[in-house]
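Chemist: Quick one: this structure, given as structure tokens, is what I'll be asking you about.
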Amino acid sequence: MKTFTPSRRRFIGIFAASAGLGMTPWMVRKASAMTLEPVVWRGIALGADAELHIYHVSAQKARQLIELAVAEVRRLEKIFSLYQEDSVLSRLNREGFIDNPPADFIRLLSDSKYFSTLTSGAFDPSVQSLWKLYAEHFIRNPGITSEPDAAEVRRVLGLVNHRQIYIEDQRVGFLVPGMALTLNGIAQGYITDRVTQLLRQAGLERSLVDMGEIRGLDVTDSGPDWKAGIRNPEQAGQILATIPLKNEALSTSGGYGTMFDEAGKFTHLFNPVTGACQPAYRSVSVRAPNATTADALSTAFSVMSLDNIKTVMNKLPGVGAWLLMPDGTLNRLGQTA
């Protein structure tokens, strides 16, 4: 039986590469005539392809830092994963509440509610009920070209409301029975930020962290910018824009990351207000000071009008957006230099 597993980040086609390596004086002395090469790890984080590029004069130390980072990813997956039955999120969706939730869960849920309010509900983690409705509809009806019954969509929309999520010190839960959350529109960004913070606290000065979202780290601010490219979703080899990242993050969302039907008319990007799942743009990329913000905004902007996107961006310094329009043109908003 067909199943749907979100993996939008890799289907979107962001790539990242260093434009060279800037070494601090102590690195030059330590490395002598050596060329410092990154130690690279590739794996999976929350169902998305993930990479770490660690620059350190000691390859052994770099591998130790990778082990530390991967352990942190696995710890956070046990909190945020929809696909681990014993994760904190899965238990919340099953039981309707969680007592003594981990601090990371409270923090990310609080961040989610902040972005829900900021975007007037365009970002809403409680769209999981819509996801389930659409997934079951297309699994039951292979080859169907229409959405679920309108009355069913209206019924499920009654379970989509970020205001009905309560957060207390010792408990989080739902005010409406039957609600369910997904954090897939923000958790990869949060994990990227946590891994970046962990590496910095361990003394690492330069790295590239990609846990479904990309964030560059350069503590001394002396190295060249990281470069991230937005690919054309229909021509994988074509780069639409090259974006420098200097201690910044980049996230891209597009409906073709996960499609319910073969034609790609119905996607994983839901409008929490209408229940529709046809994004307004072919892709949305957001650069922001941190990956949590970039992730949440790229998700929300996918279903927002240009005017509403501009209103949100005016409240957030240091944010730029690249919107691939239906006609194939690239619309740049905010700080895109």
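Ligands are numbered from 1 in the order shown, chains are lettered A, B, ... in the order of the structure tokens, and residues start at 1 in each chain.
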I want to know what sits within 6 Å of segment 281-287 of chain A, based on only C-alpha atoms, with residues of the same chain fewer than 4 positions away left out; could you give that as number ranges by chain?
Modeler: A: 249-254, 294, 298, 319-326
Chemist: Give the helix (DSSP H, G or I) residues of segment 29-277 of chain A, as assigned by DSSP on the backbone, as an MDAnalysis selection string.
Modeler: chainID A and resid 29:31 59:80 88:95 103:118 125:140 150:157 162:164 187:201 255:257
Chemist: With distances taken over only C-alpha atoms, which residue among A:Ile139, A:Ile144, A:Ile106, A:Ala202 lies nearest Leu68 of chain A?
Modeler: A:Ala202
Chemist: Excluding Thr292 of chain A and any residue of its chain fewer than 3 positions from it, enumerate the residues within 6 Å of it, using only C-alpha atoms, and give them as a list in words.
Modeler: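 So, after excluding close chain neighbours, the residues are Ile186, Gly189, Tyr190 and Asp295 of chain A.
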Chemist: Could you name the residues that touch Ser146 of chain A at 10 Å or less, counting only C-alpha atoms, but leaving out those on the same chain fewer than 4 positions away, as a PyMOL selection string?
Modeler: chain A and resi 137-138+141+261+265-266
Chemist: Can I get the selected residues back with N, CA, C and O atoms, as a CSV table (one decimal), in the first residue's frame?
Modeler:
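Output file result-v7.csv is given in full below:
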chain,number,residue,atom,x,y,z
A,137,HIS,N,-7.3,9.5,2.0
A,137,HIS,CA,-8.1,9.6,0.8
A,137,HIS,C,-7.4,9.0,-0.4
A,137,HIS,O,-8.0,8.3,-1.2
A,138,PHE,N,-6.2,9.4,-0.6
A,138,PHE,CA,-5.5,9.0,-1.8
A,138,PHE,C,-5.0,7.5,-1.7
A,138,PHE,O,-4.8,6.9,-2.7
A,141,ASN,N,-8.1,5.5,-2.6
A,141,ASN,CA,-8.6,5.7,-4.0
A,141,ASN,C,-7.4,5.9,-4.9
A,141,ASN,O,-7.2,7.1,-5.4
A,261,ASP,N,-1.0,13.0,-5.2
A,261,ASP,CA,-1.5,12.4,-6.5
A,261,ASP,C,-0.3,12.5,-7.5
A,261,ASP,O,0.6,13.2,-7.4
A,265,LYS,N,-1.1,17.8,-8.2
A,265,LYS,CA,-2.1,18.8,-7.9
A,265,LYS,C,-2.2,19.0,-6.4
A,265,LYS,O,-2.5,20.2,-5.9
A,266,PHE,N,-2.1,18.0,-5.6
A,266,PHE,CA,-2.3,18.0,-4.2
A,266,PHE,C,-1.0,17.7,-3.5
A,266,PHE,O,-0.4,16.6,-3.7
